[in-house]
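**Student:** I am sharing data_6.cif, which consists of mmCIF, C-alpha atoms and all ligand atoms:
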data_query
#
loop_
_atom_site.label_atom_id
_atom_site.label_comp_id
_atom_site.auth_asym_id
_atom_site.auth_seq_id
_atom_site.Cartn_x
_atom_site.Cartn_y
_atom_site.Cartn_z
CA MET A 1 20.32 -37.86 14.82
CA PRO A 2 22.02 -35.53 12.32
CA ALA A 3 22.69 -31.95 13.39
CA HIS A 4 19.93 -30.11 11.50
CA LEU A 5 21.44 -26.71 10.70
CA ASP A 6 19.08 -26.13 7.79
CA GLN A 7 16.22 -24.61 9.76
CA ASN A 8 15.52 -21.91 7.15
CA ALA A 9 14.53 -24.74 4.78
CA THR A 10 12.16 -26.31 7.27
CA THR A 11 11.77 -26.97 10.99
CA ALA A 12 10.44 -29.89 12.99
CA ALA A 13 6.91 -29.31 14.27
CA ALA A 14 6.94 -28.38 17.98
CA PRO A 15 5.77 -31.24 20.24
CA GLU A 16 3.06 -28.94 21.66
CA ALA A 17 1.77 -28.32 18.11
CA VAL A 18 1.74 -32.05 17.29
CA THR A 19 -0.09 -32.86 20.55
CA ALA A 20 -2.72 -30.22 19.81
CA MET A 21 -3.20 -31.48 16.24
CA LEU A 22 -3.50 -35.21 16.87
CA PRO A 23 -7.10 -35.42 18.15
CA TRP A 24 -8.27 -33.37 15.16
CA LEU A 25 -6.68 -35.72 12.61
CA ALA A 26 -9.01 -38.50 13.72
CA ALA A 27 -12.11 -36.42 14.56
CA PRO A 28 -14.75 -37.69 12.13
CA ALA A 29 -17.07 -34.69 11.98
CA ALA A 30 -14.72 -31.75 12.48
CA ASN A 31 -15.75 -29.63 9.50
CA PRO A 32 -15.85 -26.12 10.97
CA SER A 33 -18.66 -25.14 8.61
CA ALA A 34 -20.96 -27.90 9.91
CA GLY A 35 -23.76 -26.94 12.31
CA HIS A 36 -23.50 -29.96 14.64
CA PRO A 37 -21.54 -29.89 17.93
CA ALA A 38 -18.38 -31.48 16.47
CA GLY A 39 -18.34 -28.88 13.69
CA LYS A 40 -18.88 -26.08 16.21
CA ALA A 41 -15.97 -27.39 18.32
CA ALA A 42 -13.76 -27.29 15.22
CA ALA A 43 -14.93 -23.74 14.46
CA ASP A 44 -14.07 -22.71 18.04
CA ALA A 45 -10.59 -24.25 17.78
CA LEU A 46 -10.05 -22.48 14.45
CA ARG A 47 -11.11 -19.18 16.00
CA ALA A 48 -8.55 -19.60 18.78
CA ALA A 49 -5.80 -20.41 16.24
CA ARG A 50 -6.76 -17.37 14.16
CA GLY A 51 -6.36 -15.19 17.23
CA GLU A 52 -2.86 -16.61 17.88
CA VAL A 53 -1.79 -16.03 14.27
CA ALA A 54 -3.20 -12.47 14.36
CA ARG A 55 -1.11 -11.82 17.49
CA LEU A 56 1.98 -13.25 15.75
CA PHE A 57 1.44 -10.71 12.95
CA GLY A 58 0.92 -7.98 15.54
CA ALA A 59 -2.62 -7.51 14.18
CA ARG A 60 -5.61 -6.56 16.34
CA LEU A 61 -8.31 -8.32 14.36
CA ALA A 62 -8.48 -12.09 13.91
CA SER A 63 -10.48 -11.38 10.74
CA GLU A 64 -7.29 -9.94 9.21
CA VAL A 65 -5.87 -13.50 8.99
CA VAL A 66 -6.48 -15.73 5.94
CA PHE A 67 -5.20 -19.29 6.33
CA THR A 68 -3.34 -20.73 3.34
CA ALA A 69 -1.37 -23.87 2.51
CA GLY A 70 1.98 -22.15 3.04
CA GLY A 71 4.11 -19.15 2.19
CA THR A 72 4.11 -19.65 -1.57
CA GLU A 73 0.32 -19.67 -1.75
CA ALA A 74 0.06 -16.60 0.48
CA ILE A 75 2.53 -14.66 -1.68
CA ASN A 76 0.77 -15.65 -4.92
CA ALA A 77 -2.58 -14.64 -3.42
CA ALA A 78 -1.16 -11.27 -2.36
CA VAL A 79 0.28 -10.50 -5.80
CA HIS A 80 -3.00 -11.50 -7.44
CA ALA A 81 -5.04 -9.33 -5.06
CA ALA A 82 -2.70 -6.37 -5.55
CA CYS A 83 -2.99 -6.57 -9.34
CA ALA A 84 -6.78 -6.99 -9.18
CA ARG A 85 -7.07 -3.92 -6.92
CA THR A 86 -5.48 -1.60 -9.50
CA PRO A 87 -6.20 -2.95 -12.99
CA GLY A 88 -4.34 -1.09 -15.71
CA ARG A 89 -1.33 -0.34 -13.51
CA ARG A 90 1.66 -2.08 -15.07
CA ARG A 91 4.49 -1.69 -12.57
CA LEU A 92 5.42 -4.47 -10.15
CA ILE A 93 8.32 -3.71 -7.80
CA THR A 94 10.42 -6.19 -5.86
CA SER A 95 14.10 -6.78 -5.08
CA THR A 96 16.84 -8.81 -6.74
CA VAL A 97 17.08 -11.21 -3.78
CA GLU A 98 13.50 -12.39 -3.32
CA HIS A 99 12.32 -15.96 -2.91
CA SER A 100 11.20 -17.66 -6.13
CA ALA A 101 7.56 -17.46 -4.97
CA THR A 102 7.57 -13.68 -5.45
CA LYS A 103 9.89 -13.79 -8.44
CA ARG A 104 7.75 -16.30 -10.34
CA ALA A 105 4.42 -14.68 -9.36
CA TYR A 106 5.76 -11.50 -11.01
CA ASP A 107 7.45 -13.27 -13.93
CA VAL A 108 4.26 -14.91 -15.17
CA ARG A 109 2.60 -11.49 -15.36
CA ALA A 110 5.54 -10.03 -17.24
CA ALA A 111 5.47 -13.00 -19.63
CA ALA A 112 1.74 -12.48 -20.18
CA GLY A 113 2.51 -8.86 -21.16
CA THR A 114 0.23 -7.31 -18.53
CA HIS A 115 2.96 -6.01 -16.22
CA ASP A 116 6.56 -4.78 -16.11
CA VAL A 117 8.81 -5.91 -13.27
CA VAL A 118 11.25 -3.52 -11.60
CA LYS A 119 13.85 -5.24 -9.40
CA ILE A 120 15.58 -3.07 -6.82
CA GLY A 121 19.20 -4.01 -6.16
CA VAL A 122 21.10 -4.56 -2.93
CA ASP A 123 24.61 -3.55 -1.84
CA GLU A 124 27.42 -5.98 -1.07
CA GLU A 125 26.01 -6.60 2.40
CA GLY A 126 22.55 -7.38 1.01
CA ARG A 127 21.00 -4.06 2.08
CA LEU A 128 18.19 -2.75 -0.07
CA ASP A 129 18.89 0.26 -2.32
CA ARG A 130 16.23 2.39 -0.68
CA ALA A 131 16.85 5.45 -2.89
CA ALA A 132 16.19 3.35 -6.01
CA LEU A 133 13.10 1.87 -4.37
CA PHE A 134 11.54 5.23 -3.52
CA ALA A 135 12.38 6.56 -6.99
CA ALA A 136 10.63 3.57 -8.59
CA ILE A 137 7.33 3.77 -6.66
CA ASP A 138 5.01 5.84 -8.85
CA ALA A 139 1.38 6.19 -9.90
CA HIS A 140 1.79 3.27 -12.35
CA THR A 141 2.77 0.93 -9.51
CA ALA A 142 0.34 -1.88 -8.73
CA CYS A 143 2.38 -3.76 -6.14
CA VAL A 144 5.53 -3.46 -4.07
CA SER A 145 6.44 -6.87 -2.65
CA LEU A 146 9.55 -7.14 -0.48
CA MET A 147 10.91 -9.66 1.97
CA LEU A 148 11.58 -8.73 5.57
CA ALA A 149 14.37 -11.29 6.17
CA ASN A 150 16.35 -13.02 3.44
CA ASN A 151 16.23 -16.80 3.49
CA GLU A 152 19.85 -17.24 2.35
CA THR A 153 21.66 -14.57 4.37
CA GLY A 154 19.19 -13.61 7.11
CA VAL A 155 19.64 -9.93 6.20
CA LEU A 156 16.71 -7.80 7.37
CA PHE A 157 15.48 -5.16 4.93
CA ASP A 158 14.83 -1.67 6.25
CA LEU A 159 11.24 -1.19 5.11
CA ALA A 160 10.59 2.08 6.98
CA GLY A 161 8.68 4.56 4.86
CA VAL A 162 7.77 2.08 2.13
CA ALA A 163 4.13 1.89 3.24
CA ALA A 164 3.76 5.67 3.16
CA ALA A 165 5.33 5.86 -0.31
CA CYS A 166 2.89 3.20 -1.54
CA GLU A 167 -0.07 4.86 0.14
CA ALA A 168 0.79 8.20 -1.51
CA VAL A 169 0.37 6.72 -5.00
CA GLY A 170 -2.33 4.12 -4.24
CA ALA A 171 -0.01 1.11 -4.68
CA THR A 172 -0.37 -2.11 -2.68
CA PHE A 173 2.44 -3.11 -0.30
CA HIS A 174 3.03 -6.79 0.51
CA ILE A 175 5.74 -8.16 2.81
CA ASP A 176 7.17 -11.68 2.61
CA ALA A 177 7.73 -12.25 6.33
CA VAL A 178 8.22 -16.02 5.96
CA GLN A 179 11.71 -16.08 7.56
CA VAL A 180 10.90 -13.85 10.52
CA PRO A 181 8.57 -15.57 13.05
CA GLY A 182 10.43 -16.81 16.12
CA LYS A 183 13.55 -14.84 15.15
CA ALA A 184 12.32 -11.24 15.34
CA PRO A 185 8.97 -9.63 16.13
CA VAL A 186 6.54 -9.00 13.27
CA ASP A 187 4.42 -5.85 13.51
CA VAL A 188 2.28 -5.41 10.43
CA TYR A 189 0.76 -2.14 11.67
CA ALA A 190 4.17 -0.57 12.31
CA LEU A 191 5.32 -1.79 8.89
CA GLY A 192 2.12 -0.37 7.41
CA CYS A 193 1.71 -3.08 4.80
CA HIS A 194 -1.58 -4.09 3.22
CA MET A 195 -0.63 -7.77 3.27
CA ALA A 196 2.07 -10.03 4.76
CA SER A 197 2.85 -13.72 4.31
CA ILE A 198 4.08 -16.36 6.76
CA SER A 199 4.59 -20.14 6.55
CA GLY A 200 4.00 -22.61 9.40
CA HIS A 201 6.85 -25.01 8.69
CA LYS A 202 9.46 -22.26 9.04
CA PHE A 203 8.63 -21.79 12.74
CA HIS A 204 7.86 -25.27 14.06
CA GLY A 205 4.33 -25.49 12.73
CA PRO A 206 3.16 -28.19 10.33
CA ARG A 207 4.27 -28.17 6.69
CA GLY A 208 1.57 -27.12 4.25
CA THR A 209 0.16 -24.40 6.53
CA GLY A 210 0.56 -20.66 6.30
CA ALA A 211 -1.27 -17.39 6.55
CA LEU A 212 -1.74 -14.09 4.80
CA PHE A 213 -2.38 -10.95 6.82
CA VAL A 214 -4.90 -8.83 4.93
CA ARG A 215 -5.44 -5.38 6.41
CA ASP A 216 -9.02 -4.70 7.49
CA GLY A 217 -10.99 -3.14 4.62
CA PHE A 218 -8.49 -4.06 1.89
CA PRO A 219 -10.47 -5.00 -1.25
CA PHE A 220 -9.11 -8.53 -1.50
CA ALA A 221 -9.82 -10.49 -4.70
CA PRO A 222 -9.25 -14.21 -4.01
CA THR A 223 -7.39 -16.66 -6.24
CA VAL A 224 -9.02 -19.75 -4.74
CA VAL A 225 -12.78 -19.42 -5.18
CA GLY A 226 -15.64 -21.73 -4.22
CA GLY A 227 -17.20 -21.90 -0.76
CA PRO A 228 -17.48 -19.00 1.70
CA GLN A 229 -14.58 -20.07 3.96
CA GLU A 230 -12.04 -17.54 5.25
CA GLY A 231 -14.48 -14.68 4.67
CA GLU A 232 -14.62 -15.58 0.96
CA ARG A 233 -10.90 -14.90 0.65
CA ARG A 234 -9.74 -18.53 0.35
CA ALA A 235 -12.34 -21.15 -0.44
CA GLY A 236 -12.18 -24.80 0.57
CA THR A 237 -12.75 -26.81 3.74
CA GLU A 238 -10.19 -25.66 6.28
CA ASN A 239 -7.21 -27.83 7.26
CA THR A 240 -8.40 -27.94 10.87
CA PRO A 241 -5.54 -30.04 12.36
CA GLY A 242 -2.91 -28.04 10.45
CA ILE A 243 -4.36 -24.69 11.44
CA ILE A 244 -4.56 -25.74 15.10
CA GLY A 245 -0.88 -26.77 14.96
CA LEU A 246 -0.07 -23.45 13.26
CA GLY A 247 -1.83 -21.57 16.05
CA VAL A 248 0.25 -23.29 18.74
CA ALA A 249 3.47 -22.69 16.79
CA ALA A 250 2.49 -19.03 16.32
CA ARG A 251 2.13 -18.57 20.07
CA ILE A 252 5.54 -20.16 20.74
CA ALA A 253 7.21 -18.14 17.95
CA ARG A 254 5.77 -14.87 19.28
CA GLU A 255 6.99 -15.68 22.79
CA LYS A 256 10.47 -16.67 21.55
CA ALA A 257 10.90 -13.59 19.37
CA SER A 258 10.08 -11.30 22.29
CA ASP A 259 12.35 -13.22 24.68
CA ALA A 260 15.53 -11.14 24.53
CA ALA A 261 17.60 -13.75 26.43
CA ALA A 262 16.51 -16.57 24.07
CA CYS A 263 17.33 -14.48 20.99
CA ALA A 264 20.70 -13.46 22.44
CA ALA A 265 21.54 -17.12 23.15
CA LEU A 266 20.58 -18.03 19.57
CA ALA A 267 22.74 -15.21 18.17
CA ALA A 268 25.65 -16.27 20.41
CA ARG A 269 25.52 -19.85 19.04
CA ARG A 270 25.34 -18.51 15.48
CA ASP A 271 28.28 -16.18 16.17
CA ARG A 272 30.38 -19.00 17.63
CA LEU A 273 29.67 -21.10 14.56
CA GLU A 274 30.51 -18.15 12.34
CA ALA A 275 33.83 -17.47 14.08
CA GLY A 276 34.75 -21.15 13.72
CA LEU A 277 33.81 -21.17 10.02
CA LEU A 278 35.87 -18.03 9.37
CA ALA A 279 38.86 -19.73 10.98
CA ALA A 280 38.41 -23.07 9.20
CA LEU A 281 37.44 -22.19 5.63
CA PRO A 282 40.05 -20.74 3.26
CA GLY A 283 39.18 -17.20 2.16
CA ALA A 284 35.99 -17.31 4.22
CA ARG A 285 33.64 -14.34 4.13
CA VAL A 286 30.26 -14.04 5.82
CA SER A 287 27.56 -12.62 3.56
CA GLY A 288 25.62 -9.79 5.15
CA ALA A 289 27.79 -9.68 8.30
CA ALA A 290 27.67 -5.88 8.43
CA ALA A 291 23.90 -5.67 7.89
CA PRO A 292 21.13 -6.19 10.45
CA ARG A 293 20.31 -9.91 10.38
CA VAL A 294 17.96 -12.36 12.07
CA PRO A 295 19.91 -14.16 14.83
CA ASN A 296 19.82 -17.68 13.37
CA THR A 297 21.38 -17.48 9.90
CA CYS A 298 24.98 -17.65 8.76
CA ASN A 299 25.96 -17.71 5.09
CA VAL A 300 29.67 -18.09 4.48
CA THR A 301 31.56 -18.29 1.19
CA PHE A 302 35.04 -19.75 0.76
CA ARG A 303 37.77 -19.63 -1.87
CA PHE A 304 40.25 -22.18 -3.09
CA ARG A 305 43.24 -21.44 -5.31
CA GLY A 306 42.12 -20.77 -8.87
CA ASP A 307 38.96 -18.90 -7.89
CA GLY A 308 38.17 -15.39 -8.86
CA ASP A 309 38.50 -15.26 -12.62
CA GLY A 310 34.73 -14.95 -12.99
CA ALA A 311 34.38 -18.25 -14.83
CA PRO A 312 33.38 -21.56 -13.28
CA ASP A 313 36.52 -23.57 -12.54
CA ALA A 314 37.54 -26.97 -11.28
CA ALA A 315 38.00 -26.03 -7.62
CA PRO A 316 35.38 -27.58 -5.29
CA ASP A 317 32.10 -25.73 -4.84
CA SER A 318 29.72 -25.95 -1.90
CA ALA A 319 28.03 -29.14 -3.18
CA LEU A 320 31.20 -31.10 -2.41
CA VAL A 321 31.56 -29.54 1.01
CA LEU A 322 27.90 -30.26 1.75
CA ALA A 323 28.25 -33.88 0.67
CA LEU A 324 31.10 -34.30 3.16
CA LEU A 325 29.07 -32.57 5.86
CA PHE A 326 26.09 -34.86 5.23
CA GLU A 327 28.39 -37.85 5.60
CA ALA A 328 29.53 -36.46 8.94
CA GLY A 329 25.88 -36.08 10.03
CA VAL A 330 25.56 -32.33 9.57
CA GLU A 331 22.71 -30.88 7.53
CA ALA A 332 23.35 -27.46 6.00
CA SER A 333 22.55 -26.05 2.58
CA ALA A 334 23.99 -24.15 -0.33
CA GLY A 335 21.08 -21.74 -0.14
CA SER A 336 20.62 -22.11 -3.89
CA ALA A 337 19.81 -24.83 -6.40
CA CYS A 338 22.08 -27.82 -5.89
CA SER A 339 22.11 -31.07 -7.81
CA ALA A 340 24.51 -33.90 -8.66
CA LEU A 341 27.39 -32.37 -6.71
CA LYS A 342 27.16 -29.10 -8.61
CA VAL A 343 25.81 -25.85 -7.25
CA ALA A 344 24.34 -23.11 -9.42
CA PRO A 345 25.65 -19.66 -8.46
CA SER A 346 23.23 -18.21 -5.91
CA PRO A 347 21.20 -15.34 -7.41
CA VAL A 348 21.22 -13.74 -3.96
CA LEU A 349 25.04 -13.79 -3.71
CA LEU A 350 25.35 -12.64 -7.35
CA ALA A 351 23.01 -9.73 -6.55
CA MET A 352 25.38 -8.88 -3.66
CA GLY A 353 28.19 -8.48 -6.18
CA ARG A 354 29.94 -11.83 -5.76
CA THR A 355 31.62 -13.48 -8.76
CA PRO A 356 29.93 -16.61 -10.19
CA ASP A 357 32.70 -18.70 -8.56
CA GLU A 358 32.06 -17.20 -5.14
CA ALA A 359 28.29 -17.36 -5.61
CA ALA A 360 28.63 -21.14 -6.11
CA ARG A 361 30.54 -21.40 -2.83
CA GLY A 362 27.95 -20.29 -0.31
CA LEU A 363 27.25 -22.46 2.70
CA ARG A 364 24.14 -21.63 4.70
CA PHE A 365 23.84 -22.76 8.30
CA SER A 366 20.51 -21.90 9.89
CA LEU A 367 19.76 -22.56 13.54
CA SER A 368 16.66 -22.77 15.70
CA HIS A 369 16.13 -21.93 19.36
CA GLY A 370 16.54 -25.66 19.98
CA THR A 371 19.98 -25.90 18.36
CA THR A 372 22.52 -27.21 20.88
CA ASP A 373 26.19 -26.45 21.52
CA ALA A 374 26.91 -30.07 20.58
CA GLU A 375 25.40 -29.47 17.13
CA ILE A 376 27.60 -26.39 16.64
CA ASP A 377 30.66 -28.43 17.71
CA ALA A 378 29.67 -31.22 15.28
CA ALA A 379 29.30 -28.70 12.44
CA LEU A 380 32.70 -27.13 13.10
CA ALA A 381 34.43 -30.52 13.32
CA ALA A 382 32.73 -31.63 10.08
CA VAL A 383 33.75 -28.43 8.27
CA GLN A 384 37.35 -28.84 9.40
CA GLY A 385 37.32 -32.43 8.16
CA ALA A 386 35.83 -31.41 4.81
CA VAL A 387 38.34 -28.62 4.30
CA GLY A 388 41.21 -30.99 4.96
CA ALA A 389 39.89 -33.49 2.43
CA LEU A 390 39.21 -30.84 -0.22
CA GLN A 391 42.53 -29.10 0.19
CA ALA A 392 44.20 -32.41 -0.51
CA LEU A 393 42.04 -32.71 -3.67
CA ALA A 394 42.67 -29.14 -4.89
N1 LIG A 401 9.51 -16.82 1.16
C1 LIG A 401 10.68 -17.10 1.76
C2 LIG A 401 11.58 -15.99 2.16
C3 LIG A 401 11.03 -18.44 1.99
O1 LIG A 401 12.20 -18.72 2.58
C4 LIG A 401 10.14 -19.47 1.59
C5 LIG A 401 10.51 -20.91 1.75
O2 LIG A 401 11.65 -21.28 1.56
C6 LIG A 401 8.92 -19.12 0.98
C7 LIG A 401 8.65 -17.78 0.80
C8 LIG A 401 7.94 -20.16 0.57
O3 LIG A 401 7.29 -20.75 1.68
P1 LIG A 401 6.61 -22.20 1.59
O4 LIG A 401 7.70 -23.21 1.59
O5 LIG A 401 5.76 -22.30 2.80
O6 LIG A 401 5.78 -22.24 0.36
#
Could you render the structure from this file as C-alpha cells?
Ligand code: PLP

**Tutor:**
Amino acid sequence: MPAHLDQNATTAAAPEAVTAMLPWLAAPAANPSAGHPAGKAAADALRAARGEVARLFGARLASEVVFTAGGTEAINAAVHAACARTPGRRRLITSTVEHSATKRAYDVRAAAGTHDVVKIGVDEEGRLDRAALFAAIDAHTACVSLMLANNETGVLFDLAGVAAACEAVGATFHIDAVQVPGKAPVDVYALGCHMASISGHKFHGPRGTGALFVRDGFPFAPTVVGGPQEGERRAGTENTPGIIGLGVAARIAREKASDAAACAALAARRDRLEAGLLAALPGARVSGAAAPRVPNTCNVTFRFRGDGDGAPDAAPDSALVLALLFEAGVEASAGSACSALKVAPSPVLLAMGRTPDEAARGLRFSLSHGTTDAEIDAALAAVQGAVGALQALA
C-alpha cells in the first residue's frame, strides 16, 4: 500500500461509514419520499444523518442542513442563493487563494456582466488582509465567500467580525469549510455565516456527498429545482446510502476534531515530517508556517541553483519530485495543476508573494488521523532519495 499523504485531495471512506451504507445500496424500495415501510425506514435513516451533519456544523436545527453532491455543488448553490437574495447588487467578494469552485462560480457572473469580483489578498504567510476585506464590504455587496482553511497550505483564515460587517450592509456571508471537518471544530453560529459548505470525501465520507448549512430563515433560492426534497432547496431523490455514510463520517469527524490528544498527535506527525523536509530539501521553506493552520497540512517549497530570476527555468519543479515519490510509493501533491511532468505555478503560492519559480516548486503533504509513523518515515526516505537524484541532474 502506498503512503497516502494526499488526504486534502481525498480520503478513504471510514469502515464504519461503508458498513452503514452497504445495506442501503441494495435496498430495493428505499426512496425516502415513498409512503411504504421501506421508504419510511430510509426517511428515518436520513433524518438521523441530517442530525449528525447539523452537529458537525455546530448547528441546532437539522433543517439547516441541505444535502448536496459535494463541496463544489454546495459552493455554487450558496453563490447562486446569495445573488438571488439581493438582485441588483453587483459586488462579489472573495480572496485570492480560494478553491476553483468559488473562483469559477464568481467568474461566470463577472463574464456575464452582472457582477464585479473583488479579491482580497493575503500576506506572505497566507493570512487574509482583513483591513482590505472590511473596507470592501459595502451596500453594493451581494456575497462575501471565504474559505476557513486553505486546501494547499492549511492556513486558517481569521473570519471574526466578517458576519457582523455583512449583516450591517445586508450582504450574504458564505464560508467554504470543506477542509476543516476532522481537523478543527466548525461552529457556524459563532462564525455567524448565512451558509457554509462541506464535502464528505474530505473527511472519510463517500465521494459525491456534501452539505450546505443554510441558516434558519435565510431566503434560499435553489439552483436544482424539481421535486420537494430537502425542503425545496435541492430537488431530486436523495442519495440515501451516500448520505448515511456522510452522517457516520460527520460523527467521527466531530469527535476527532474535539479530541485534543488526537489533534496534537496529528500535528506532531505533521511537524516531524516538516522538520525532516526542511532538513532534506535545498532552500526549503514551509508556506504558512507562521500562521494558524489545521494540524494535517504541510506545504513546502524548495530551490535549486538557477532559481529566483522570476522566469521559469530548467531546474526541476515539483512534478519531477512527485514522480520520484510516486515511484517510491509515496502519494503527495503539488497542490496546483500538474501534468506531463510540469507544474503550473500555484495561484495560492503566487498570491503569497512567491516567484513563479518558487510557486512551481510546492509540495503538499496532507495527513489524516490514521497516518502512521511508518508513512512519515517512508515519505522522508523517498524525499531524500529524490533530492539526491535531482541534485545529480541539476
Ligand atoms: N473547497 C475546497 C477548499 C476544497 O479543497 C475542495 C476540494 O478540493 C472543494 C471546495 C471542492 O469539493 P468537492 O471535491 O467535494 O467538490

**Student:** Go through chain A residue by residue and, counting all atoms listed in the file, keep those with an atom at most 7 Å from ligand LIG 401 (chain A); for each kept residue give the shortest atom pair and its distance in Å to one decimal, ordered by chain and increasing number, as JSON lines.

**Tutor:**
{"residue": "A:Asn8", "atom": "CA", "partner": "A:LIG401", "partner_atom": "O1", "distance": 6.5}
{"residue": "A:Ala9", "atom": "CA", "partner": "A:LIG401", "partner_atom": "O2", "distance": 5.5}
{"residue": "A:Gly70", "atom": "CA", "partner": "A:LIG401", "partner_atom": "O5", "distance": 3.8}
{"residue": "A:Gly71", "atom": "CA", "partner": "A:LIG401", "partner_atom": "O3", "distance": 3.6}
{"residue": "A:Thr72", "atom": "CA", "partner": "A:LIG401", "partner_atom": "O6", "distance": 3.6}
{"residue": "A:Glu73", "atom": "CA", "partner": "A:LIG401", "partner_atom": "O6", "distance": 6.4}
{"residue": "A:Glu98", "atom": "CA", "partner": "A:LIG401", "partner_atom": "C2", "distance": 6.8}
{"residue": "A:His99", "atom": "CA", "partner": "A:LIG401", "partner_atom": "N1", "distance": 5.0}
{"residue": "A:Ala101", "atom": "CA", "partner": "A:LIG401", "partner_atom": "C7", "distance": 5.9}
{"residue": "A:Met147", "atom": "CA", "partner": "A:LIG401", "partner_atom": "C2", "distance": 6.4}
{"residue": "A:Ala149", "atom": "CA", "partner": "A:LIG401", "partner_atom": "C2", "distance": 6.8}
{"residue": "A:Asn150", "atom": "CA", "partner": "A:LIG401", "partner_atom": "C2", "distance": 5.8}
{"residue": "A:Asn151", "atom": "CA", "partner": "A:LIG401", "partner_atom": "O1", "distance": 4.6}
{"residue": "A:Asp176", "atom": "CA", "partner": "A:LIG401", "partner_atom": "N1", "distance": 5.8}
{"residue": "A:Ala177", "atom": "CA", "partner": "A:LIG401", "partner_atom": "C2", "distance": 6.8}
{"residue": "A:Val178", "atom": "CA", "partner": "A:LIG401", "partner_atom": "C1", "distance": 5.0}
{"residue": "A:Gln179", "atom": "CA", "partner": "A:LIG401", "partner_atom": "C2", "distance": 5.4}
{"residue": "A:Ser199", "atom": "CA", "partner": "A:LIG401", "partner_atom": "O5", "distance": 4.5}
{"residue": "A:Gly200", "atom": "CA", "partner": "A:LIG401", "partner_atom": "O5", "distance": 6.8}
{"residue": "A:His201", "atom": "CA", "partner": "A:LIG401", "partner_atom": "O5", "distance": 6.6}
{"residue": "A:Gly208", "atom": "CA", "partner": "A:LIG401", "partner_atom": "O5", "distance": 6.5}
{"residue": "A:Gly210", "atom": "CA", "partner": "A:LIG401", "partner_atom": "O5", "distance": 6.5}

**Student:** Would you compute the distance between CA of Ala17 in chain A and CA of Lys183 in chain A? Give it in Å to one decimal.

**Tutor:** 18.1 Å

**Student:** Step by step: start from the point (31.9, -15.9, -3.1) in the file's coordinates, keep every protein, DNA or RNA residue that has an atom no farther than 6 Å from it, count all atoms listed in the file, and write the set as a count of residues only.

**Tutor:** 5

**Student:** Show me, as an MDAnalysis selection string, the residues that have an atom within 9 Å of Tyr106 in chain A when counting all atoms listed in the file, minus same-chain residues fewer than 5 positions from it.

**Tutor:** chainID A and resid 76 79 92:94 101 111 115:117

**Student:** In Å, with one decimal, what is the gap from CA of Pro2 in chain A to CA of Ala344 in chain A?

**Tutor:**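 A separation of 25.1 Å between them.
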
**Student:** How close does range 277-391 of chain A get to range 258-271 of chain A? List, as JSON lines, each residue of range 277-391 of chain A within 7 Å, its nearest atom pair and the distance in Å to one decimal, counting only C-alpha atoms.

**Tutor:**
{"residue": "A:Pro295", "atom": "CA", "partner": "A:Ala267", "partner_atom": "CA", "distance": 4.5}
{"residue": "A:Asn296", "atom": "CA", "partner": "A:Arg270", "partner_atom": "CA", "distance": 6.0}
{"residue": "A:Thr297", "atom": "CA", "partner": "A:Arg270", "partner_atom": "CA", "distance": 6.9}
{"residue": "A:Cys298", "atom": "CA", "partner": "A:Arg270", "partner_atom": "CA", "distance": 6.8}
{"residue": "A:His369", "atom": "CA", "partner": "A:Leu266", "partner_atom": "CA", "distance": 5.9}

**Student:** Just how far from CA of Arg55 in chain A is CA of Gly182 in chain A, in Å to one decimal?

**Tutor:**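 Separating CA of Gly182 in chain A from CA of Arg55 in chain A is a distance of 12.6 Å.
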
**Student:** Using all atoms listed in the file, find the one residue out of A:Ile75, A:Ala34, A:Arg89, A:Val118 that sits nearest to Thr102 in chain A.

**Tutor:**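 Of the candidates, the smallest distance to Thr102 in chain A is held by A:Ile75.
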
**Student:** Hey, what's within 12 Å of Thr19 in chain A if we count all atoms listed in the file and toss same-chain stuff fewer than 6 positions away? As a ChimeraX atom specification, please?

**Tutor:** /A:13,25,205-206,241-242,244-246,248-249

**Student:** Please return range 383-393 of chain A, rebuilt to N, CA and C atoms, as a PDB file, in the frame of the given file.

**Tutor:**
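Ended up saving to part07.pdb:
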ATOM      1  N   VAL A 383      33.206 -29.395   9.242  1.00  0.00           N
ATOM      2  CA  VAL A 383      33.750 -28.430   8.270  1.00  0.00           C
ATOM      3  C   VAL A 383      35.275 -28.565   8.218  1.00  0.00           C
ATOM      4  N   GLN A 384      35.888 -28.686   9.384  1.00  0.00           N
ATOM      5  CA  GLN A 384      37.350 -28.840   9.400  1.00  0.00           C
ATOM      6  C   GLN A 384      37.772 -30.101   8.652  1.00  0.00           C
ATOM      7  N   GLY A 385      37.034 -31.176   8.861  1.00  0.00           N
ATOM      8  CA  GLY A 385      37.320 -32.430   8.160  1.00  0.00           C
ATOM      9  C   GLY A 385      37.161 -32.268   6.652  1.00  0.00           C
ATOM     10  N   ALA A 386      36.103 -31.589   6.245  1.00  0.00           N
ATOM     11  CA  ALA A 386      35.830 -31.410   4.810  1.00  0.00           C
ATOM     12  C   ALA A 386      36.917 -30.544   4.169  1.00  0.00           C
ATOM     13  N   VAL A 387      37.312 -29.498   4.854  1.00  0.00           N
ATOM     14  CA  VAL A 387      38.340 -28.620   4.300  1.00  0.00           C
ATOM     15  C   VAL A 387      39.647 -29.377   4.096  1.00  0.00           C
ATOM     16  N   GLY A 388      39.991 -30.191   5.072  1.00  0.00           N
ATOM     17  CA  GLY A 388      41.210 -30.990   4.960  1.00  0.00           C
ATOM     18  C   GLY A 388      41.156 -31.891   3.736  1.00  0.00           C
ATOM     19  N   ALA A 389      40.035 -32.565   3.552  1.00  0.00           N
ATOM     20  CA  ALA A 389      39.890 -33.490   2.430  1.00  0.00           C
ATOM     21  C   ALA A 389      39.943 -32.727   1.102  1.00  0.00           C
ATOM     22  N   LEU A 390      39.285 -31.574   1.047  1.00  0.00           N
ATOM     23  CA  LEU A 390      39.210 -30.840  -0.220  1.00  0.00           C
ATOM     24  C   LEU A 390      40.515 -30.142  -0.554  1.00  0.00           C
ATOM     25  N   GLN A 391      41.238 -29.716   0.469  1.00  0.00           N
ATOM     26  CA  GLN A 391      42.530 -29.100   0.190  1.00  0.00           C
ATOM     27  C   GLN A 391      43.481 -30.124  -0.430  1.00  0.00           C
ATOM     28  N   ALA A 392      43.375 -31.332   0.053  1.00  0.00           N
ATOM     29  CA  ALA A 392      44.200 -32.410  -0.510  1.00  0.00           C
ATOM     30  C   ALA A 392      43.819 -32.613  -1.990  1.00  0.00           C
ATOM     31  N   LEU A 393      42.516 -32.541  -2.286  1.00  0.00           N
ATOM     32  CA  LEU A 393      42.040 -32.710  -3.670  1.00  0.00           C
ATOM     33  C   LEU A 393      42.510 -31.576  -4.570  1.00  0.00           C
TER      34      LEU A 393
END
